[in-house]
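Participant: This is the structure, below, for whatever I ask next.
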Amino acid sequence: MSIQKKSILLFLAAENFCEQEFLTVKNIFLRKGFNLFISSDANSLCVGGNGMKVKPDVNIYNINKNNFGAFVIIGGKGIINYWDNQILKSSVLEFNKNNKIVASICAAGVIIAKSGILNQKEGVVYPDYKKEFDRNGVIYKDQDVVVEGKIITAKNPASSVEFADAILNRLN
């Protein structure tokens, strides 16, 4: 497997990312020998919902999709502030256009929905945000994880292990 395919780009909100989703996914990827790079628009540190601090490796404005096999967006209350972020949406579109995995968990699924790549396709998001899927033409499935080609969505923190496994299965 190429170095590029073994590298995963993970996006964290600058504030209030879901620490459980982040730690679960991160640890599974690292245990399986993948290289993980954390991106954000945070000026210095990303701060999770419970105060955990994470230093991003790369600013979201400086990512090169060619260096990664997957783009994973972590949820949490803070990700709602990114639903209309044009840089994130264009990153989702670029990864998708280049036949790479695009994945989101919890509230982050709205970013993928708003990018348009899930229009008339199946996906899942934290149930409170199902209306956002309806507004963007996504067929909501009440499952923990939904795989639609190279687009992977997950419902909530309890789905984190299954979510990480689904991403790794599509990368292999």
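Residues are referred to by chain and number: the chain letter is A, B, ... according to the order shown in the structure tokens, the number counts from 1 in that chain, and ligands are numbered separately from 1 in the order shown.
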Can you tell me which residues surround Val102 in chain A at a distance of at most 7 Å, considering only C-alpha atoms, apart from same-chain residues fewer than 6 positions away, and format the answer as JSON, numbers by chain?

Facilitator: {"A": [70, 71, 72, 92, 95, 96, 150, 151, 152]}

Participant: Quick one: residues within 12 Å of Thr153 in chain A, only C-alpha atoms counted, chain neighbours fewer than 3 positions away excluded, as a PyMOL selection string?

Facilitator: chain A and resi 71-75+101-113+118+121-126+133+138-150+156-157+159-160+162-164+166-167

Participant: Using only C-alpha atoms, which residue out of A:Arg170, A:Arg31, A:Lys65, A:Lys77 lies closest to Leu12 in chain A?

Facilitator: A:Lys77

Participant: CA of Asn119 in chain A and CA of Lys6 in chain A, how far apart in Å?

Facilitator: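 So the two atoms, CA of Lys6 in chain A and CA of Asn119 in chain A, lie 28.5 Å apart.
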
Participant: Which of these, A:Asn50, A:Asn85, A:Gln20, A:Asn66, has the shortest distance to Ile8 in chain A once you count only C-alpha atoms?

Facilitator: A:Asn66

Participant: Could you check the closest approach to Ile38 in chain A for each of A:Leu93, A:Leu88, A:Ile60, A:Leu23 and tell me which residue wins, using only C-alpha atoms?

Facilitator: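 Closest to Ile38 in chain A of all the choices is A:Ile60.
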